[in-house]
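Source file: start08.txt. Holds: compact mmCIF, C-alpha atoms.
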# COMPACT_ATOMS: atom_id res chain seq x y z
CA MET A 1 25.40 -90.84 6.19
CA SER A 2 23.46 -88.62 3.75
CA SER A 3 24.50 -85.00 3.28
CA PHE A 4 21.28 -83.86 5.00
CA SER A 5 21.96 -85.96 8.13
CA LEU A 6 25.55 -84.79 8.11
CA SER A 7 24.40 -81.18 8.00
CA ILE A 8 22.07 -81.75 10.97
CA PHE A 9 24.86 -83.51 12.84
CA ASN A 10 27.26 -80.62 12.19
CA HIS A 11 24.66 -78.09 13.24
CA GLN A 12 24.05 -79.98 16.50
CA ARG A 13 27.77 -80.29 17.08
CA GLU A 14 28.20 -76.54 16.59
CA ARG A 15 25.35 -75.77 18.99
CA GLN A 16 26.91 -78.12 21.54
CA ILE A 17 30.28 -76.37 21.21
CA GLN A 18 28.67 -72.92 21.50
CA ASP A 19 26.86 -73.96 24.68
CA LEU A 20 30.02 -75.44 26.11
CA LEU A 21 32.12 -72.37 25.34
CA MET A 22 29.58 -70.15 27.05
CA THR A 23 29.39 -72.46 30.08
CA HIS A 24 33.18 -72.31 30.21
CA ALA A 25 33.09 -68.47 30.08
CA GLU A 26 30.52 -68.34 32.89
CA ALA A 27 32.68 -70.69 34.97
CA LEU A 28 35.74 -68.49 34.37
CA ILE A 29 33.85 -65.42 35.53
CA SER A 30 32.43 -67.07 38.63
CA GLY A 31 35.70 -68.84 39.46
CA THR A 32 34.10 -72.29 39.42
CA LEU A 33 35.93 -73.78 36.46
CA ASN A 34 36.02 -77.59 36.30
CA LEU A 35 37.49 -78.54 32.93
CA ASP A 36 37.17 -82.32 33.36
CA HIS A 37 33.51 -81.98 34.11
CA LEU A 38 33.00 -79.75 31.07
CA LEU A 39 34.90 -82.02 28.70
CA ALA A 40 33.30 -85.22 29.94
CA SER A 41 30.28 -84.89 27.66
CA LEU A 42 32.40 -84.49 24.50
CA ASP A 43 33.89 -87.01 22.10
CA GLN A 44 37.55 -86.87 21.10
CA GLU A 45 37.02 -84.69 18.04
CA ALA A 46 34.91 -82.14 19.87
CA ARG A 47 37.45 -82.01 22.71
CA HIS A 48 40.14 -81.23 20.19
CA GLN A 49 38.00 -78.44 18.72
CA VAL A 50 37.35 -76.68 22.01
CA ALA A 51 40.63 -77.24 23.87
CA ASP A 52 42.51 -74.31 22.33
CA LEU A 53 39.41 -72.08 22.47
CA PHE A 54 39.14 -72.79 26.21
CA SER A 55 42.76 -71.80 26.62
CA LEU A 56 42.24 -68.62 24.59
CA ALA A 57 39.14 -67.68 26.61
CA GLU A 58 41.19 -68.06 29.81
CA ARG A 59 43.82 -65.67 28.45
CA VAL A 60 41.15 -63.14 27.46
CA SER A 61 39.54 -63.43 30.86
CA SER A 62 42.86 -62.72 32.62
CA ALA A 63 43.70 -59.80 30.32
CA LEU A 64 40.38 -57.98 30.64
CA ILE A 65 40.34 -57.08 34.30
CA GLU A 66 38.16 -54.51 36.00
CA VAL A 67 39.67 -51.04 36.47
CA ASP A 68 38.72 -48.40 39.03
CA PRO A 69 37.92 -44.81 38.09
CA SER A 70 39.69 -42.30 40.32
CA GLU A 71 37.78 -41.35 43.46
CA LYS A 72 38.34 -37.70 42.64
CA PHE A 73 36.67 -38.11 39.26
CA VAL A 74 33.69 -40.01 40.71
CA ALA A 75 33.14 -37.41 43.45
CA SER A 76 33.56 -34.46 41.10
CA LEU A 77 31.15 -35.87 38.50
CA ARG A 78 28.60 -36.56 41.24
CA GLN A 79 28.80 -32.92 42.30
CA GLU A 80 28.53 -31.63 38.73
CA LEU A 81 25.46 -33.80 38.13
CA ALA A 82 23.81 -32.57 41.33
CA LEU A 83 24.40 -28.93 40.33
CA ALA A 84 23.13 -29.52 36.80
CA ASP A 85 20.08 -31.33 38.16
CA ALA A 86 19.27 -28.41 40.47
CA ALA A 87 19.58 -25.99 37.53
CA MET A 88 17.30 -28.18 35.40
CA LEU A 89 14.69 -28.34 38.14
CA GLN A 90 14.82 -24.54 38.49
CA HIS A 91 14.41 -24.19 34.72
CA ASP A 92 11.49 -26.59 34.82
CA SER A 93 9.89 -24.69 37.67
CA ILE A 94 10.06 -21.36 35.71
CA TRP A 95 8.22 -23.01 32.80
CA GLN A 96 5.78 -24.52 35.25
CA TRP A 97 5.14 -21.03 36.67
CA ILE A 98 4.61 -19.52 33.20
CA ARG A 99 2.22 -22.29 32.24
CA HIS A 100 0.11 -21.61 35.32
CA LEU A 101 -0.34 -17.88 34.55
CA PRO A 102 -3.84 -16.78 33.40
CA PRO A 103 -4.35 -17.09 29.60
CA ARG A 104 -4.69 -13.30 29.15
CA THR A 105 -1.36 -12.71 30.84
CA GLN A 106 0.25 -15.38 28.70
CA ILE A 107 -1.15 -13.77 25.51
CA ALA A 108 -0.01 -10.30 26.62
CA ALA A 109 3.45 -11.64 27.42
CA GLY A 110 3.57 -13.36 24.04
CA ILE A 111 2.64 -10.17 22.15
CA GLY A 112 5.12 -8.14 24.21
CA GLY A 113 7.88 -10.66 23.53
CA ALA A 114 7.12 -10.77 19.80
CA THR A 115 7.13 -6.93 19.54
CA LEU A 116 10.42 -6.71 21.40
CA THR A 117 12.00 -9.37 19.17
CA ALA A 118 10.74 -7.66 15.99
CA GLY A 119 12.17 -4.32 17.18
CA MET A 120 15.54 -5.91 17.90
CA VAL A 121 15.57 -7.56 14.47
CA LEU A 122 14.68 -4.26 12.77
CA ILE A 123 17.48 -2.41 14.52
CA ALA A 124 19.99 -5.18 13.86
CA SER A 125 19.09 -5.30 10.15
CA ARG A 126 19.91 -1.61 9.57
CA THR A 127 23.52 -0.86 8.74
CA LEU A 128 25.57 1.68 10.65
CA PRO A 129 25.73 4.26 7.73
CA GLU A 130 21.93 4.11 7.45
CA VAL A 131 21.58 4.87 11.14
CA TRP A 132 24.15 7.71 10.83
CA SER A 133 22.38 9.29 7.86
CA TYR A 134 19.09 9.00 9.68
CA TRP A 135 20.45 10.91 12.64
CA ARG A 136 22.07 13.55 10.37
CA SER A 137 18.80 14.07 8.54
CA ARG A 138 17.11 14.77 11.86
CA LYS A 139 19.47 17.73 12.59
CA ILE A 140 17.76 21.06 12.02
CA PRO A 141 19.92 23.36 9.82
CA ALA A 142 21.07 26.56 11.53
CA MET B 1 10.84 -29.87 43.36
CA MET B 2 10.83 -32.96 45.59
CA GLN B 3 9.69 -32.31 49.14
CA PRO B 4 12.15 -33.42 51.86
CA ASN B 5 9.50 -35.40 53.78
CA ILE B 6 8.83 -37.55 50.69
CA GLN B 7 12.56 -38.12 50.19
CA ALA B 8 12.89 -39.20 53.81
CA LYS B 9 10.36 -41.98 53.24
CA ARG B 10 12.19 -43.39 50.25
CA HIS B 11 14.67 -46.24 50.68
CA TYR B 12 17.10 -45.54 47.88
CA LEU B 13 19.60 -48.25 48.76
CA THR B 14 17.09 -51.08 48.65
CA ALA B 15 14.96 -49.83 45.75
CA ASP B 16 15.33 -51.60 42.42
CA ASP B 17 16.45 -49.77 39.28
CA ALA B 18 12.94 -49.41 37.84
CA GLN B 19 11.70 -47.75 41.03
CA LEU B 20 14.74 -45.46 41.18
CA VAL B 21 14.24 -44.40 37.58
CA GLU B 22 10.64 -43.40 38.33
CA TRP B 23 11.75 -41.41 41.37
CA ALA B 24 14.70 -39.90 39.47
CA LYS B 25 12.33 -38.07 37.16
CA ASP B 26 11.88 -35.44 39.89
CA ASP B 27 14.28 -36.52 42.62
CA SER B 28 18.01 -35.94 42.30
CA SER B 29 18.81 -38.30 45.20
CA ALA B 30 17.34 -41.20 43.22
CA PHE B 31 19.49 -40.32 40.23
CA GLY B 32 22.46 -40.11 42.61
CA GLU B 33 21.84 -43.71 43.69
CA LEU B 34 21.66 -44.86 40.06
CA TYR B 35 24.93 -43.03 39.44
CA THR B 36 26.55 -44.83 42.38
CA ARG B 37 25.40 -48.20 41.03
CA TYR B 38 26.59 -47.71 37.47
CA VAL B 39 29.44 -45.23 37.32
CA LYS B 40 32.16 -47.88 37.67
CA LYS B 41 30.55 -50.24 35.16
CA ILE B 42 30.07 -47.55 32.53
CA TYR B 43 33.59 -46.27 33.16
CA ASN B 44 35.04 -49.77 32.64
CA TYR B 45 33.06 -50.31 29.48
CA ILE B 46 34.26 -47.02 28.01
CA TYR B 47 37.83 -47.49 29.24
CA TYR B 48 38.19 -50.77 27.36
CA ARG B 49 36.54 -49.31 24.27
CA THR B 50 38.67 -46.13 24.17
CA GLY B 51 41.83 -47.39 25.82
CA ASN B 52 42.68 -44.49 28.07
CA HIS B 53 41.51 -42.99 31.33
CA HIS B 54 41.21 -39.43 30.06
CA ASP B 55 38.66 -40.23 27.36
CA ALA B 56 36.96 -42.75 29.64
CA GLU B 57 36.34 -39.96 32.18
CA ASP B 58 35.15 -37.53 29.52
CA LEU B 59 32.73 -39.98 27.91
CA THR B 60 31.49 -41.33 31.26
CA SER B 61 30.54 -37.77 32.22
CA ARG B 62 28.67 -37.36 28.95
CA VAL B 63 26.79 -40.63 29.45
CA PHE B 64 25.45 -39.55 32.83
CA PHE B 65 24.64 -36.00 31.74
CA ARG B 66 22.75 -37.38 28.76
CA ALA B 67 20.97 -39.94 30.93
CA MET B 68 19.97 -37.24 33.41
CA ALA B 69 18.70 -34.95 30.66
CA HIS B 70 16.56 -37.70 29.11
CA ILE B 71 15.47 -39.71 32.13
CA LYS B 72 12.00 -38.14 32.05
CA GLU B 73 11.52 -39.58 28.56
CA TYR B 74 12.68 -43.05 29.63
CA THR B 75 9.89 -45.60 29.60
CA ASP B 76 10.39 -49.18 30.68
CA ARG B 77 9.56 -51.27 27.61
CA GLY B 78 11.20 -54.39 28.95
CA VAL B 79 14.71 -53.04 28.44
CA PRO B 80 16.36 -52.44 31.81
CA PHE B 81 17.87 -49.12 32.77
CA SER B 82 21.38 -50.61 32.67
CA ALA B 83 20.91 -51.61 29.02
CA TRP B 84 19.68 -48.08 28.25
CA LEU B 85 22.82 -46.64 29.87
CA TYR B 86 25.13 -49.03 27.98
CA ARG B 87 23.43 -48.07 24.73
CA ILE B 88 24.07 -44.40 25.44
CA ALA B 89 27.70 -45.30 26.20
CA HIS B 90 27.94 -47.40 23.05
CA ASN B 91 26.62 -44.54 20.87
CA LEU B 92 28.97 -42.02 22.43
CA VAL B 93 31.97 -44.33 21.98
CA ALA B 94 30.97 -44.95 18.34
CA ASN B 95 30.75 -41.18 17.75
CA TRP B 96 34.07 -40.71 19.49
CA HIS B 97 35.77 -43.19 17.17
CA ARG B 98 34.07 -41.72 14.13
CA ASP B 99 35.12 -38.17 15.07
CA ARG B 100 38.68 -39.27 15.54
CA GLY B 101 38.61 -41.27 12.33
CA ARG B 102 41.57 -43.31 13.31
CA GLN B 103 42.60 -46.26 15.40
CA LYS B 104 43.48 -45.23 18.91
CA VAL B 105 46.75 -46.75 20.04
CA VAL B 106 46.00 -48.06 23.47
CA PRO B 107 48.62 -47.67 26.15
CA LEU B 108 46.98 -49.76 28.90
CA ASP B 109 50.45 -49.65 30.49
CA ASP B 110 49.23 -49.11 33.99
CA HIS B 111 46.68 -51.89 33.55
CA LEU B 112 49.31 -54.39 32.39
CA THR B 113 51.93 -53.34 34.93
CA THR B 114 49.45 -53.71 37.76
CA ALA B 115 48.27 -57.08 36.51
CA MET B 116 51.81 -58.48 36.30
CA SER B 117 53.44 -56.82 39.29
CA PHE B 118 53.74 -60.02 41.34
CA ASP B 119 55.53 -62.13 38.71
CA PRO B 120 59.33 -62.49 38.56
CA PRO B 121 60.84 -59.82 36.23
CA GLU B 122 61.55 -62.10 33.22
CA ALA B 123 58.28 -63.94 33.45
CA ALA B 124 56.50 -60.64 33.93
CA THR B 125 58.05 -59.18 30.77
CA GLU B 126 57.06 -62.26 28.77
CA SER B 127 53.55 -62.18 30.19
CA ILE B 128 53.22 -58.47 29.46
CA GLU B 129 54.30 -59.04 25.86
CA GLU B 130 51.84 -61.90 25.49
CA GLU B 131 49.05 -59.80 26.92
CA GLU B 132 49.91 -56.88 24.68
CA THR B 133 49.76 -59.21 21.67
CA LEU B 134 46.43 -60.54 22.84
CA LEU B 135 44.98 -57.07 23.44
CA ASP B 136 46.30 -55.98 20.07
CA SER B 137 44.55 -58.93 18.43
CA ILE B 138 41.33 -58.09 20.23
CA ARG B 139 41.67 -54.59 18.78
CA GLN B 140 41.60 -56.12 15.29
CA LEU B 141 38.14 -57.52 15.93
CA PRO B 142 34.99 -55.84 14.65
CA GLU B 143 33.21 -53.52 17.07
CA GLU B 144 30.44 -55.91 18.15
CA ARG B 145 32.94 -58.66 19.04
CA GLN B 146 34.99 -56.30 21.17
CA GLN B 147 31.78 -55.12 22.83
CA LEU B 148 30.81 -58.70 23.62
CA LEU B 149 34.18 -59.52 25.21
CA VAL B 150 34.10 -56.38 27.37
CA LEU B 151 30.52 -56.97 28.51
CA LYS B 152 31.24 -60.63 29.27
CA PHE B 153 34.65 -60.54 30.92
CA VAL B 154 34.95 -57.02 32.34
CA GLU B 155 31.32 -56.28 33.17
CA ARG B 156 30.53 -59.93 33.90
CA LEU B 157 27.02 -59.67 32.52
CA SER B 158 24.74 -62.61 31.80
CA ASN B 159 23.93 -63.54 28.20
CA ALA B 160 20.41 -62.23 28.70
CA GLU B 161 21.75 -58.84 29.81
CA ILE B 162 24.23 -58.72 26.95
CA GLY B 163 21.44 -59.66 24.55
CA GLU B 164 19.34 -56.74 25.80
CA ILE B 165 22.21 -54.30 25.32
CA MET B 166 23.21 -55.61 21.91
CA ASN B 167 19.65 -56.24 20.79
CA ARG B 168 20.23 -59.94 20.08
CA THR B 169 18.88 -63.23 21.36
CA GLU B 170 20.85 -65.34 23.84
CA GLY B 171 21.43 -67.91 21.11
CA ALA B 172 22.90 -65.21 18.89
CA ILE B 173 25.19 -64.11 21.72
CA LYS B 174 26.51 -67.67 22.14
CA SER B 175 27.10 -67.95 18.42
CA LEU B 176 28.82 -64.56 18.33
CA TYR B 177 31.07 -65.59 21.23
CA HIS B 178 32.11 -68.75 19.38
CA ARG B 179 32.89 -66.77 16.20
CA THR B 180 34.73 -64.15 18.25
CA LEU B 181 37.06 -66.76 19.74
CA LEU B 182 37.65 -68.33 16.33
CA SER B 183 38.57 -65.03 14.70
CA LEU B 184 40.70 -64.04 17.68
CA ARG B 185 42.59 -67.33 17.33
CA ASP B 186 43.10 -66.57 13.63
CA ASN B 187 44.40 -63.10 14.45
CA LEU B 188 46.89 -64.57 16.91
CA GLU B 189 48.01 -67.37 14.59
CA ASN B 190 48.39 -65.14 11.53
CA PRO B 191 49.37 -61.73 12.87
CA GLU B 192 50.79 -60.53 9.52
CA GLU B 193 47.65 -61.38 7.59
CA ASN B 194 45.46 -59.69 10.14
CA SER B 195 47.59 -56.69 11.01
CA GLN B 196 46.21 -54.56 8.16
CA PRO B 197 42.79 -53.08 8.87
CA GLU B 198 40.01 -54.33 6.68
CA PRO B 199 38.36 -51.39 4.92
CA ARG B 200 34.79 -52.38 5.77
CA ARG B 201 35.59 -53.37 9.31
CA LYS B 202 35.14 -50.94 12.14
CA ARG B 203 38.24 -50.87 14.31
CA PHE B 204 37.94 -49.92 17.89
CA GLY B 205 40.45 -49.02 20.52
CA LEU B 206 39.59 -51.54 23.19
Show me the file's structure as structure tokens.
Amino acid sequence: MSSFSLSIFNHQRERQIQDLLMTHAEALISGTLNLDHLLASLDQEARHQVADLFSLAERVSSALIEVDPSEKFVASLRQELALADAAMLQHDSIWQWIRHLPPRTQIAAGIGGATLTAGMVLIASRTLPEVWSYWRSRKIPA
Amino acid sequence: MMQPNIQAKRHYLTADDAQLVEWAKDDSSAFGELYTRYVKKIYNYIYYRTGNHHDAEDLTSRVFFRAMAHIKEYTDRGVPFSAWLYRIAHNLVANWHRDRGRQKVVPLDDHLTTAMSFDPPEAATESIEEEETLLDSIRQLPEERQQLLVLKFVERLSNAEIGEIMNRTEGAIKSLYHRTLLSLRDNLENPEENSQPEPRRKRFGL
């Protein structure tokens, strides 16, 4: 057999083993495992290759069993999600309300908000001694 | 806000995921039904990837809060909602491992004790030890191989579903499963050689 044909043969063999391993896994999950039926299509060498992998897959399948989250956790998370969802909907509805205001009102609100923010920034940027000296300078001497 | 008379006309229990997702964009009851369908699955996935119930609960909460916050942006481009949820879970678990920067030692004591509780004491001890060795070997596997085993054996998903979550073809999933079993066998046969973490390999808690 040429090296090319051997390579094709090996590739086909590998594909066959991959398919078989997956069929075996599916059968393990569904509880319909029939090893004889699975192995029937294989020659001796291929059987030898998959036998220990079948056994390993069975061990993995028995070790990885489904676990249950606590009922308390499931119920509490459900409640938290419902509360958060209600808050999000309320938040959305405020934005919806703002977006439906007349354009003039929106512009006025924008200017008002910007002025307020600028004032806050101005006050915050002045240090306490500056504010104190400002107030002292305002006192009228007796 | 969803009007009650519209909600009354909706059959949440019989609706498919795609329909529920559309409704969930402005209907909390629809999101509640999606939560009911997937909370256990997502919890299991995270539990086997983190190894403890406390972190599984914390990350499961984050998955659903994130899903709820972004459900309006979700568009069905052929990837089912379940795959979208698993991807959120996968990203959060990856961040969790990265933040911790270390291998989580997995107790899984309650899991093993429950699984073996009907065996005779000696046989049970032996079986527990064998299972611990097996789980430890699975923990040595790269992240994607652990993910595949959890999705296949715990979540019992089809190859097509796993492919959608892991962004691979079904053929690639079969090939990955084969390689996963081979490397797991190596880990079990040569525990000393494989006990040290490989620097470039991501190690996950399982």
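For chain B, the residues within 7 Å of chain A are B:Met1, B:Ser28, B:Lys40, B:Tyr43, B:Asn44, B:Ser61, B:Phe65, B:Glu131, B:Phe153, B:Val154, B:Arg156, B:Lys174, B:Ser175, B:His178, B:Leu181, with only C-alpha atoms used to measure distance.
The coordinates place atom CA of Glu164 of chain B at 6.3 Å from atom CA of Ala83 of chain B.
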Could you please determine the separation between atom CA of Asn159 of chain B and atom CA of Asp136 of chain B in Å, to one decimal place?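 According to the coordinates, atom CA of Asn159 of chain B and atom CA of Asp136 of chain B are separated by 25.0 Å.
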Take every atom of segment 81-97 of chain B listed in the file, fit an axis-aligned box around them, add 6 Å per side, and give the centre and edge lengths in Å to one decimal as AutoDock Vina command-line options.
--center_x 26.8 --center_y -46.2 --center_z 25.0 --size_x 29.9 --size_y 22.9 --size_z 27.6
Straight-line distance linking atom CA of Lys25 of chain B with atom CA of Ile71 of chain B, stated in Å to one decimal: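 So the answer is 6.2 Å.
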The residues within 10 Å of (28.9, -54.1, 19.7), using all atoms listed in the file and the coordinates of the file, should be reported as a list in words; which are they? Arg87, His90, Asn91, Ala94, Pro142, Glu143, Glu144, Arg145, Gln146, Gln147, Leu148, Leu149, Val150, Leu151, Ile162, Ile165, Met166 and Asn167 of chain B
I'd like the contact shell of Thr133 of chain B - 9 Å cut-off, only C-alpha atoms, skipping same-chain residues fewer than 5 positions apart - returned as a list in words.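 With the cut-off at 9 Å, the set is Ile128, Ile138 and Leu188 of chain B.
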